[in-house]
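Input: a single structure, listed below in structure tokens.
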Amino acid sequence: MTEMVTILLAAILTNNFVLVQFLGICPFLGVSKKLDSAFGMSCAVIFVMLLATAATWPIQQLLDNFGLGYMQTIVFILVIASLVQLVEIALKKYIPALHKSLGVFLPLITTNCAVLGVCVMNIDEAYGFGQSMINSLGAGLGFMLAMIIFAGVRQRTENNNYLQCFKGIPATLIAASIVSLSFMGFSGVIEGIFG
């Protein structure tokens, strides 16, 4: 049980995919202008990360059994893209209100490298299926935490008066680096608590 909690908290805080590993930066910078869009994107990413892990972990076992482990990246990209398309089709048909509220967020998840990153990391860390699912949940929650924190930061920075040369992207990147530095303070905390 403590191992699962350690994996979950490490994925959220000390190994945060956005702020520590710098994966999923495009949606982090592009969709974090408003809190509601950041939250919607984060929920969709969590769902797709869990679904992708549930699909890619057994596929990797098959690839390894047939000596095709080198095909991992290509197969995982195809699986993730297919899953996102299937989820989009299912939502459009069965839950049109949710499909409409997610809008363009769902197709954009196909290109989010954090989804592929968590699937590959689960294999590289030699996690079992349960550990992989917990790590994916933690990665998704860490993505959500980063998106929500940064949406708040961006809303505050837009209302500040600073030099013209820092307005827009420069201010956004400086704010992102400061938020990222704050997460470095978590390094060692999880290991210190759970040993």
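Every chain in the structure tokens has a letter given in the order shown (A, B, ...), and although residue numbers restart at 1 in each chain, ligands are simply numbered from 1 in the order shown.
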
Who sits within 9 Å of Ile25 (chain A), only C-alpha atoms, same chain under 4 positions skipped, as a PyMOL selection string: chain A and resi 18-19+29-30+112-114

Counting only C-alpha atoms, the residue of A:Pro107, A:Gly185, A:Gly142, A:Gly40 that sits nearest Leu86 (chain A): A:Pro107

Near-Gly138 (chain A) list (12 Å; only C-alpha atoms; drop same-chain fewer than 6 positions) as a PyMOL selection string: chain A and resi 4-17+45-47+49-50+118+122+131-132+144-145

Coordinates-based distance that separates CA of Met71 (chain A) from CA of Phe143 (chain A) (Å, one decimal): 27.0 Å

Shell around Ala52 (chain A) at 8 Å using only C-alpha atoms, local window under 2 positions removed, as a PyMOL selection string: chain A and resi 48-50+54-56+79-80+83+115+119

One-decimal distance in Å that lies between CA of Leu116 (chain A) and CA of Phe76 (chain A):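 Separation of CA of Phe76 (chain A) and CA of Leu116 (chain A): 7.0 Å.
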
DSSP on the backbone: which residues in region 8-170 of chain A end up as helix (DSSP H, G or I)? Give the answer as a compact mmCIF listing (two decimals) with N, CA, C and O atoms, in the first residue's frame.
```txt
# COMPACT_ATOMS: atom_id res chain seq x y z
N LEU A 8 2.08 7.26 -6.49
CA LEU A 8 1.08 8.29 -6.78
C LEU A 8 1.60 9.68 -6.45
O LEU A 8 1.56 10.59 -7.28
N LEU A 9 2.12 9.86 -5.23
CA LEU A 9 2.60 11.18 -4.82
C LEU A 9 3.84 11.61 -5.60
O LEU A 9 4.01 12.80 -5.90
N ALA A 10 4.70 10.67 -5.91
CA ALA A 10 5.88 11.01 -6.70
C ALA A 10 5.48 11.48 -8.09
O ALA A 10 6.06 12.45 -8.62
N ALA A 11 4.49 10.83 -8.70
CA ALA A 11 4.04 11.24 -10.03
C ALA A 11 3.38 12.62 -10.00
O ALA A 11 3.52 13.40 -10.94
N ILE A 12 2.70 12.93 -8.90
CA ILE A 12 2.03 14.23 -8.80
C ILE A 12 3.03 15.35 -8.51
O ILE A 12 3.00 16.40 -9.14
N LEU A 13 3.94 15.12 -7.57
CA LEU A 13 4.79 16.20 -7.08
C LEU A 13 6.23 16.16 -7.57
O LEU A 13 6.69 17.09 -8.23
N THR A 14 6.96 15.11 -7.23
CA THR A 14 8.40 15.13 -7.51
C THR A 14 8.76 14.77 -8.94
O THR A 14 9.81 15.18 -9.43
N ILE A 25 4.12 20.33 -22.64
CA ILE A 25 4.26 21.78 -22.53
C ILE A 25 3.28 22.53 -23.45
O ILE A 25 2.79 23.59 -23.09
N CYS A 26 2.99 21.98 -24.62
CA CYS A 26 2.08 22.67 -25.55
C CYS A 26 0.72 22.96 -24.93
O CYS A 26 0.28 24.11 -24.92
N PRO A 27 0.01 21.96 -24.37
CA PRO A 27 -1.26 22.29 -23.74
C PRO A 27 -1.07 23.12 -22.47
O PRO A 27 -1.91 23.94 -22.13
N PHE A 28 0.05 22.93 -21.79
CA PHE A 28 0.34 23.69 -20.57
C PHE A 28 0.40 25.19 -20.89
O PHE A 28 -0.17 26.00 -20.17
N LEU A 29 1.04 25.54 -21.97
CA LEU A 29 1.15 26.95 -22.34
C LEU A 29 -0.06 27.44 -23.14
O LEU A 29 -0.46 28.58 -23.03
N GLY A 30 -0.66 26.55 -23.93
CA GLY A 30 -1.73 26.97 -24.82
C GLY A 30 -3.11 26.98 -24.22
O GLY A 30 -3.96 27.79 -24.62
N LEU A 35 -9.21 29.09 -16.31
CA LEU A 35 -9.29 27.98 -15.36
C LEU A 35 -10.21 26.87 -15.85
O LEU A 35 -9.88 25.70 -15.74
N ASP A 36 -11.34 27.22 -16.44
CA ASP A 36 -12.29 26.18 -16.88
C ASP A 36 -11.73 25.36 -18.04
O ASP A 36 -11.90 24.14 -18.08
N SER A 37 -11.04 26.00 -18.97
CA SER A 37 -10.45 25.24 -20.06
C SER A 37 -9.28 24.39 -19.58
O SER A 37 -9.08 23.27 -20.05
N ALA A 38 -8.51 24.90 -18.62
CA ALA A 38 -7.40 24.12 -18.05
C ALA A 38 -7.95 22.89 -17.33
O ALA A 38 -7.39 21.79 -17.44
N PHE A 39 -9.04 23.05 -16.60
CA PHE A 39 -9.64 21.92 -15.88
C PHE A 39 -10.21 20.90 -16.86
O PHE A 39 -10.03 19.69 -16.68
N GLY A 40 -10.91 21.36 -17.90
CA GLY A 40 -11.49 20.45 -18.89
C GLY A 40 -10.42 19.64 -19.61
O GLY A 40 -10.55 18.43 -19.79
N MET A 41 -9.35 20.31 -20.01
CA MET A 41 -8.24 19.62 -20.67
C MET A 41 -7.61 18.61 -19.73
O MET A 41 -7.29 17.49 -20.13
N SER A 42 -7.45 18.98 -18.48
CA SER A 42 -6.82 18.08 -17.50
C SER A 42 -7.64 16.82 -17.26
O SER A 42 -7.09 15.73 -17.19
N CYS A 43 -8.95 16.98 -17.16
CA CYS A 43 -9.81 15.81 -16.97
C CYS A 43 -9.72 14.87 -18.17
O CYS A 43 -9.65 13.64 -18.01
N ALA A 44 -9.72 15.44 -19.36
CA ALA A 44 -9.61 14.61 -20.57
C ALA A 44 -8.26 13.90 -20.61
O ALA A 44 -8.17 12.73 -20.97
N VAL A 45 -7.18 14.59 -20.20
CA VAL A 45 -5.85 13.98 -20.20
C VAL A 45 -5.78 12.84 -19.18
O VAL A 45 -5.22 11.78 -19.48
N ILE A 46 -6.35 13.02 -18.01
CA ILE A 46 -6.35 11.95 -17.00
C ILE A 46 -7.05 10.71 -17.57
O ILE A 46 -6.53 9.59 -17.47
N PHE A 47 -8.22 10.90 -18.17
CA PHE A 47 -8.97 9.78 -18.72
C PHE A 47 -8.17 9.06 -19.81
O PHE A 47 -8.07 7.83 -19.81
N VAL A 48 -7.57 9.82 -20.72
CA VAL A 48 -6.83 9.21 -21.82
C VAL A 48 -5.56 8.54 -21.30
O VAL A 48 -5.18 7.47 -21.79
N MET A 49 -4.89 9.13 -20.31
CA MET A 49 -3.69 8.49 -19.74
C MET A 49 -4.03 7.13 -19.14
O MET A 49 -3.31 6.16 -19.35
N LEU A 50 -5.12 7.07 -18.40
CA LEU A 50 -5.52 5.79 -17.79
C LEU A 50 -5.91 4.77 -18.86
O LEU A 50 -5.51 3.61 -18.79
N LEU A 51 -6.66 5.22 -19.84
CA LEU A 51 -7.08 4.33 -20.93
C LEU A 51 -5.88 3.86 -21.74
O LEU A 51 -5.77 2.67 -22.08
N ALA A 52 -4.96 4.77 -22.03
CA ALA A 52 -3.77 4.41 -22.82
C ALA A 52 -2.88 3.43 -22.06
O ALA A 52 -2.34 2.49 -22.65
N THR A 53 -2.74 3.64 -20.76
CA THR A 53 -1.93 2.72 -19.96
C THR A 53 -2.56 1.34 -19.92
O THR A 53 -1.87 0.32 -20.05
N ALA A 54 -3.88 1.31 -19.74
CA ALA A 54 -4.58 0.01 -19.71
C ALA A 54 -4.43 -0.73 -21.03
O ALA A 54 -4.42 -1.97 -21.05
N ALA A 55 -4.29 -0.01 -22.14
CA ALA A 55 -4.14 -0.66 -23.45
C ALA A 55 -2.68 -0.97 -23.78
O ALA A 55 -2.39 -2.04 -24.32
N THR A 56 -1.76 -0.05 -23.46
CA THR A 56 -0.37 -0.24 -23.90
C THR A 56 0.42 -1.21 -23.03
O THR A 56 1.35 -1.85 -23.53
N TRP A 57 0.08 -1.33 -21.75
CA TRP A 57 0.85 -2.23 -20.89
C TRP A 57 0.75 -3.68 -21.38
O TRP A 57 1.78 -4.34 -21.57
N PRO A 58 -0.46 -4.22 -21.64
CA PRO A 58 -0.51 -5.59 -22.17
C PRO A 58 0.07 -5.71 -23.57
O PRO A 58 0.65 -6.75 -23.92
N ILE A 59 -0.06 -4.67 -24.38
CA ILE A 59 0.52 -4.71 -25.72
C ILE A 59 2.04 -4.82 -25.63
O ILE A 59 2.66 -5.57 -26.40
N GLN A 60 2.65 -4.11 -24.68
CA GLN A 60 4.10 -4.20 -24.50
C GLN A 60 4.51 -5.63 -24.12
O GLN A 60 5.54 -6.12 -24.57
N GLN A 61 3.69 -6.28 -23.30
CA GLN A 61 4.00 -7.67 -22.92
C GLN A 61 3.99 -8.57 -24.16
O GLN A 61 4.84 -9.45 -24.30
N LEU A 62 3.02 -8.34 -25.04
CA LEU A 62 2.98 -9.10 -26.30
C LEU A 62 4.18 -8.79 -27.18
O LEU A 62 4.78 -9.71 -27.77
N LEU A 63 4.53 -7.53 -27.30
CA LEU A 63 5.69 -7.15 -28.11
C LEU A 63 6.96 -7.82 -27.58
O LEU A 63 7.77 -8.33 -28.36
N ASP A 64 7.12 -7.83 -26.25
CA ASP A 64 8.29 -8.46 -25.65
C ASP A 64 8.31 -9.96 -25.89
O ASP A 64 9.37 -10.55 -26.15
N ASN A 65 7.14 -10.60 -25.80
CA ASN A 65 7.06 -12.05 -26.02
C ASN A 65 7.45 -12.45 -27.44
O ASN A 65 7.99 -13.53 -27.66
N GLY A 69 10.01 -5.61 -29.10
CA GLY A 69 10.03 -4.48 -28.17
C GLY A 69 10.49 -3.18 -28.80
O GLY A 69 10.12 -2.10 -28.36
N TYR A 70 11.29 -3.28 -29.85
CA TYR A 70 11.80 -2.08 -30.53
C TYR A 70 10.68 -1.32 -31.25
O TYR A 70 10.85 -0.18 -31.66
N MET A 71 9.53 -1.93 -31.44
CA MET A 71 8.39 -1.29 -32.10
C MET A 71 7.53 -0.49 -31.14
O MET A 71 6.49 0.06 -31.53
N GLN A 72 7.95 -0.40 -29.88
CA GLN A 72 7.16 0.21 -28.82
C GLN A 72 6.63 1.59 -29.17
O GLN A 72 5.42 1.84 -29.07
N THR A 73 7.47 2.51 -29.57
CA THR A 73 7.05 3.89 -29.80
C THR A 73 6.01 3.98 -30.91
O THR A 73 4.97 4.64 -30.75
N ILE A 74 6.24 3.31 -32.01
CA ILE A 74 5.30 3.36 -33.14
C ILE A 74 3.96 2.76 -32.74
O ILE A 74 2.90 3.34 -33.00
N VAL A 75 3.99 1.61 -32.08
CA VAL A 75 2.76 0.95 -31.68
C VAL A 75 2.00 1.80 -30.66
O VAL A 75 0.78 1.97 -30.75
N PHE A 76 2.71 2.35 -29.68
CA PHE A 76 2.07 3.17 -28.65
C PHE A 76 1.41 4.41 -29.26
O PHE A 76 0.30 4.78 -28.88
N ILE A 77 2.07 5.06 -30.20
CA ILE A 77 1.49 6.24 -30.85
C ILE A 77 0.21 5.86 -31.59
O ILE A 77 -0.81 6.56 -31.50
N LEU A 78 0.25 4.75 -32.31
CA LEU A 78 -0.95 4.30 -33.03
C LEU A 78 -2.08 3.95 -32.07
O LEU A 78 -3.24 4.30 -32.32
N VAL A 79 -1.75 3.28 -30.98
CA VAL A 79 -2.77 2.91 -29.99
C VAL A 79 -3.38 4.15 -29.35
O VAL A 79 -4.61 4.26 -29.23
N ILE A 80 -2.54 5.10 -28.96
CA ILE A 80 -3.04 6.31 -28.30
C ILE A 80 -3.92 7.12 -29.27
O ILE A 80 -5.01 7.57 -28.90
N ALA A 81 -3.49 7.28 -30.50
CA ALA A 81 -4.28 8.01 -31.49
C ALA A 81 -5.62 7.31 -31.74
O ALA A 81 -6.67 7.97 -31.83
N SER A 82 -5.59 5.99 -31.82
CA SER A 82 -6.83 5.23 -32.03
C SER A 82 -7.76 5.36 -30.84
O SER A 82 -8.98 5.53 -31.01
N LEU A 83 -7.22 5.27 -29.64
CA LEU A 83 -8.05 5.40 -28.44
C LEU A 83 -8.71 6.77 -28.36
O LEU A 83 -9.88 6.88 -28.03
N VAL A 84 -7.95 7.80 -28.65
CA VAL A 84 -8.52 9.15 -28.61
C VAL A 84 -9.65 9.29 -29.63
O VAL A 84 -10.70 9.87 -29.33
N GLN A 85 -9.45 8.73 -30.82
CA GLN A 85 -10.50 8.80 -31.83
C GLN A 85 -11.73 8.01 -31.41
O GLN A 85 -12.86 8.46 -31.61
N LEU A 86 -11.53 6.82 -30.83
CA LEU A 86 -12.67 6.02 -30.36
C LEU A 86 -13.42 6.73 -29.24
O LEU A 86 -14.66 6.72 -29.22
N VAL A 87 -12.69 7.33 -28.32
CA VAL A 87 -13.33 8.07 -27.23
C VAL A 87 -14.12 9.24 -27.79
O VAL A 87 -15.26 9.50 -27.38
N GLU A 88 -13.55 9.93 -28.76
CA GLU A 88 -14.25 11.07 -29.36
C GLU A 88 -15.53 10.63 -30.06
O GLU A 88 -16.59 11.26 -29.91
N ILE A 89 -15.46 9.54 -30.79
CA ILE A 89 -16.65 9.02 -31.49
C ILE A 89 -17.71 8.60 -30.47
O ILE A 89 -18.90 8.90 -30.64
N ALA A 90 -17.29 7.88 -29.43
CA ALA A 90 -18.25 7.43 -28.41
C ALA A 90 -18.89 8.61 -27.69
O ALA A 90 -20.11 8.60 -27.45
N LEU A 91 -18.09 9.60 -27.33
CA LEU A 91 -18.66 10.77 -26.65
C LEU A 91 -19.62 11.52 -27.56
O LEU A 91 -20.67 11.98 -27.10
N LYS A 92 -19.26 11.64 -28.82
CA LYS A 92 -20.12 12.37 -29.76
C LYS A 92 -21.47 11.68 -29.92
O LYS A 92 -22.50 12.33 -30.02
N LYS A 93 -21.44 10.34 -29.90
CA LYS A 93 -22.68 9.60 -30.10
C LYS A 93 -23.50 9.46 -28.82
O LYS A 93 -24.72 9.64 -28.84
N TYR A 94 -22.84 9.14 -27.70
CA TYR A 94 -23.58 8.79 -26.48
C TYR A 94 -23.67 9.93 -25.46
O TYR A 94 -24.62 9.96 -24.68
N PRO A 96 -23.27 13.70 -26.05
CA PRO A 96 -22.95 14.86 -26.89
C PRO A 96 -22.65 16.14 -26.09
O PRO A 96 -21.85 16.96 -26.52
N ALA A 97 -23.27 16.29 -24.93
CA ALA A 97 -23.01 17.49 -24.12
C ALA A 97 -21.55 17.53 -23.66
O ALA A 97 -20.90 18.58 -23.71
N LEU A 98 -21.05 16.39 -23.20
CA LEU A 98 -19.65 16.32 -22.76
C LEU A 98 -18.71 16.50 -23.95
O LEU A 98 -17.70 17.20 -23.85
N HIS A 99 -19.06 15.91 -25.09
CA HIS A 99 -18.24 16.07 -26.30
C HIS A 99 -18.16 17.54 -26.70
O HIS A 99 -17.08 18.05 -27.04
N LYS A 100 -19.28 18.24 -26.61
CA LYS A 100 -19.30 19.66 -26.97
C LYS A 100 -18.49 20.49 -25.97
O LYS A 100 -17.79 21.42 -26.36
N SER A 101 -18.58 20.14 -24.69
CA SER A 101 -17.84 20.93 -23.69
C SER A 101 -16.33 20.72 -23.80
O SER A 101 -15.56 21.64 -23.54
N LEU A 102 -15.90 19.52 -24.19
CA LEU A 102 -14.47 19.28 -24.38
C LEU A 102 -13.96 19.92 -25.66
O LEU A 102 -12.80 20.32 -25.75
N PHE A 105 -10.31 20.07 -27.23
CA PHE A 105 -9.35 19.50 -26.28
C PHE A 105 -9.09 18.03 -26.53
O PHE A 105 -7.97 17.57 -26.45
N LEU A 106 -10.14 17.28 -26.84
CA LEU A 106 -9.98 15.84 -26.99
C LEU A 106 -9.06 15.46 -28.15
O LEU A 106 -8.12 14.69 -27.95
N PRO A 107 -9.23 15.98 -29.35
CA PRO A 107 -8.28 15.63 -30.42
C PRO A 107 -6.85 16.10 -30.14
O PRO A 107 -5.89 15.47 -30.57
N LEU A 108 -6.70 17.19 -29.39
CA LEU A 108 -5.36 17.68 -29.07
C LEU A 108 -4.58 16.73 -28.17
O LEU A 108 -3.36 16.78 -28.14
N ILE A 109 -5.29 15.89 -27.44
CA ILE A 109 -4.61 14.96 -26.54
C ILE A 109 -3.76 13.96 -27.32
O ILE A 109 -2.75 13.47 -26.82
N THR A 110 -4.14 13.68 -28.54
CA THR A 110 -3.36 12.76 -29.37
C THR A 110 -1.91 13.23 -29.50
O THR A 110 -0.98 12.43 -29.51
N THR A 111 -1.71 14.54 -29.56
CA THR A 111 -0.37 15.09 -29.73
C THR A 111 0.30 15.45 -28.41
O THR A 111 1.40 16.00 -28.41
N CYS A 113 2.55 14.82 -25.62
CA CYS A 113 3.63 13.86 -25.40
C CYS A 113 3.64 13.30 -23.98
O CYS A 113 4.29 12.29 -23.71
N ALA A 114 2.91 13.93 -23.04
CA ALA A 114 2.83 13.40 -21.68
C ALA A 114 2.10 12.05 -21.66
O ALA A 114 2.43 11.17 -20.86
N VAL A 115 1.14 11.88 -22.55
CA VAL A 115 0.40 10.61 -22.61
C VAL A 115 1.32 9.49 -23.06
O VAL A 115 1.38 8.42 -22.44
N LEU A 116 2.07 9.73 -24.12
CA LEU A 116 3.05 8.74 -24.57
C LEU A 116 4.14 8.56 -23.52
O LEU A 116 4.57 7.44 -23.25
N GLY A 117 4.56 9.64 -22.91
CA GLY A 117 5.62 9.59 -21.90
C GLY A 117 5.27 8.71 -20.72
O GLY A 117 6.10 7.94 -20.24
N VAL A 118 4.04 8.80 -20.23
CA VAL A 118 3.66 7.98 -19.08
C VAL A 118 3.60 6.51 -19.45
O VAL A 118 4.00 5.64 -18.67
N CYS A 119 3.15 6.21 -20.66
CA CYS A 119 3.09 4.80 -21.10
C CYS A 119 4.49 4.21 -21.22
O CYS A 119 4.73 3.08 -20.80
N VAL A 120 5.41 4.97 -21.79
CA VAL A 120 6.79 4.49 -21.93
C VAL A 120 7.48 4.39 -20.57
O VAL A 120 8.20 3.44 -20.29
N MET A 121 7.23 5.38 -19.70
CA MET A 121 7.85 5.37 -18.37
C MET A 121 7.41 4.15 -17.56
O MET A 121 8.21 3.56 -16.84
N ASN A 122 6.15 3.78 -17.67
CA ASN A 122 5.66 2.61 -16.95
C ASN A 122 6.43 1.35 -17.35
O ASN A 122 6.73 0.52 -16.50
N ILE A 123 6.75 1.24 -18.61
CA ILE A 123 7.52 0.08 -19.09
C ILE A 123 8.97 0.19 -18.65
O ILE A 123 9.57 -0.77 -18.17
N ASP A 124 9.56 1.39 -18.79
CA ASP A 124 10.96 1.60 -18.42
C ASP A 124 11.21 1.36 -16.93
O ASP A 124 12.28 0.88 -16.54
N PHE A 129 0.98 -4.01 -13.78
CA PHE A 129 -0.20 -3.33 -14.32
C PHE A 129 -0.80 -2.36 -13.30
O PHE A 129 -1.12 -1.21 -13.63
N GLY A 130 -0.96 -2.79 -12.06
CA GLY A 130 -1.53 -1.92 -11.02
C GLY A 130 -0.66 -0.70 -10.76
O GLY A 130 -1.17 0.42 -10.63
N GLN A 131 0.64 -0.91 -10.68
CA GLN A 131 1.56 0.21 -10.47
C GLN A 131 1.51 1.18 -11.65
O GLN A 131 1.56 2.40 -11.46
N SER A 132 1.38 0.65 -12.86
CA SER A 132 1.29 1.50 -14.05
C SER A 132 0.03 2.36 -14.02
O SER A 132 0.07 3.54 -14.36
N MET A 133 -1.07 1.77 -13.60
CA MET A 133 -2.32 2.53 -13.53
C MET A 133 -2.23 3.63 -12.47
O MET A 133 -2.68 4.76 -12.70
N ILE A 134 -1.63 3.31 -11.32
CA ILE A 134 -1.46 4.33 -10.26
C ILE A 134 -0.52 5.44 -10.74
O ILE A 134 -0.78 6.63 -10.51
N ASN A 135 0.56 5.07 -11.42
CA ASN A 135 1.49 6.07 -11.94
C ASN A 135 0.80 6.96 -12.98
O ASN A 135 1.01 8.18 -13.00
N SER A 136 -0.03 6.38 -13.81
CA SER A 136 -0.76 7.16 -14.82
C SER A 136 -1.76 8.10 -14.17
O SER A 136 -1.91 9.26 -14.60
N LEU A 137 -2.45 7.62 -13.14
CA LEU A 137 -3.37 8.47 -12.40
C LEU A 137 -2.61 9.64 -11.76
O LEU A 137 -3.03 10.79 -11.86
N GLY A 138 -1.48 9.34 -11.14
CA GLY A 138 -0.66 10.39 -10.54
C GLY A 138 -0.14 11.38 -11.56
O GLY A 138 -0.13 12.59 -11.32
N ALA A 139 0.28 10.87 -12.72
CA ALA A 139 0.76 11.76 -13.79
C ALA A 139 -0.35 12.68 -14.27
O ALA A 139 -0.13 13.88 -14.49
N GLY A 140 -1.55 12.13 -14.40
CA GLY A 140 -2.69 12.95 -14.81
C GLY A 140 -3.07 13.98 -13.77
O GLY A 140 -3.36 15.13 -14.08
N LEU A 141 -3.06 13.56 -12.50
CA LEU A 141 -3.36 14.52 -11.43
C LEU A 141 -2.28 15.58 -11.31
O LEU A 141 -2.58 16.75 -11.05
N GLY A 142 -1.03 15.20 -11.54
CA GLY A 142 0.06 16.18 -11.56
C GLY A 142 -0.09 17.16 -12.71
O GLY A 142 0.16 18.36 -12.56
N PHE A 143 -0.53 16.65 -13.87
CA PHE A 143 -0.81 17.52 -15.02
C PHE A 143 -1.91 18.51 -14.66
O PHE A 143 -1.81 19.71 -14.94
N MET A 144 -2.96 18.00 -14.00
CA MET A 144 -4.07 18.86 -13.60
C MET A 144 -3.61 19.92 -12.60
O MET A 144 -3.96 21.11 -12.72
N LEU A 145 -2.81 19.51 -11.62
CA LEU A 145 -2.30 20.45 -10.63
C LEU A 145 -1.49 21.56 -11.29
O LEU A 145 -1.69 22.75 -11.02
N ALA A 146 -0.61 21.18 -12.21
CA ALA A 146 0.21 22.17 -12.91
C ALA A 146 -0.66 23.11 -13.75
O ALA A 146 -0.45 24.33 -13.75
N MET A 147 -1.64 22.56 -14.45
CA MET A 147 -2.51 23.38 -15.29
C MET A 147 -3.32 24.37 -14.45
O MET A 147 -3.44 25.55 -14.81
N ILE A 148 -3.88 23.91 -13.34
CA ILE A 148 -4.72 24.79 -12.51
C ILE A 148 -3.88 25.87 -11.84
O ILE A 148 -4.26 27.04 -11.82
N ILE A 149 -2.72 25.49 -11.31
CA ILE A 149 -1.84 26.48 -10.69
C ILE A 149 -1.42 27.52 -11.73
O ILE A 149 -1.48 28.74 -11.48
N PHE A 150 -1.03 27.07 -12.90
CA PHE A 150 -0.54 27.99 -13.91
C PHE A 150 -1.66 28.85 -14.49
O PHE A 150 -1.42 30.00 -14.88
N ALA A 151 -2.88 28.32 -14.56
CA ALA A 151 -4.01 29.14 -15.01
C ALA A 151 -4.22 30.30 -14.04
O ALA A 151 -4.45 31.45 -14.47
N GLY A 152 -4.10 30.03 -12.75
CA GLY A 152 -4.21 31.11 -11.75
C GLY A 152 -3.08 32.12 -11.88
O GLY A 152 -3.30 33.33 -11.78
N VAL A 153 -1.87 31.62 -12.09
CA VAL A 153 -0.72 32.52 -12.24
C VAL A 153 -0.89 33.39 -13.48
O VAL A 153 -0.65 34.60 -13.43
N ARG A 154 -1.33 32.80 -14.58
CA ARG A 154 -1.49 33.58 -15.82
C ARG A 154 -2.57 34.63 -15.69
O ARG A 154 -2.43 35.73 -16.22
N GLN A 155 -3.64 34.32 -14.99
CA GLN A 155 -4.69 35.31 -14.80
C GLN A 155 -4.17 36.50 -13.99
O GLN A 155 -4.52 37.64 -14.24
N ARG A 156 -3.30 36.22 -13.03
CA ARG A 156 -2.73 37.31 -12.23
C ARG A 156 -1.69 38.11 -13.01
O ARG A 156 -1.62 39.32 -12.86
N THR A 157 -0.89 37.44 -13.82
CA THR A 157 0.16 38.17 -14.56
C THR A 157 -0.43 39.06 -15.65
O THR A 157 0.16 40.08 -16.00
N GLU A 158 -1.58 38.69 -16.21
CA GLU A 158 -2.19 39.51 -17.25
C GLU A 158 -2.66 40.86 -16.71
O GLU A 158 -2.75 41.83 -17.46
N GLN A 164 6.82 46.51 -21.63
CA GLN A 164 6.20 46.02 -22.86
C GLN A 164 6.93 44.81 -23.43
O GLN A 164 6.30 43.89 -23.95
N CYS A 165 8.26 44.78 -23.30
CA CYS A 165 9.03 43.66 -23.88
C CYS A 165 8.76 42.33 -23.18
O CYS A 165 9.07 41.28 -23.71
N PHE A 166 8.16 42.36 -21.98
CA PHE A 166 7.86 41.13 -21.26
C PHE A 166 6.42 40.66 -21.43
O PHE A 166 6.07 39.58 -21.00
N ILE A 169 4.24 36.12 -24.41
CA ILE A 169 5.00 34.88 -24.24
C ILE A 169 6.16 35.02 -23.26
O ILE A 169 6.36 34.13 -22.43
N PRO A 170 6.96 36.09 -23.29
CA PRO A 170 8.06 36.19 -22.32
C PRO A 170 7.59 36.11 -20.87
O PRO A 170 8.16 35.38 -20.06
```

Atomic separation - CA of Val104 (chain A) relative to CA of Ser32 (chain A), Å: 14.0 Å
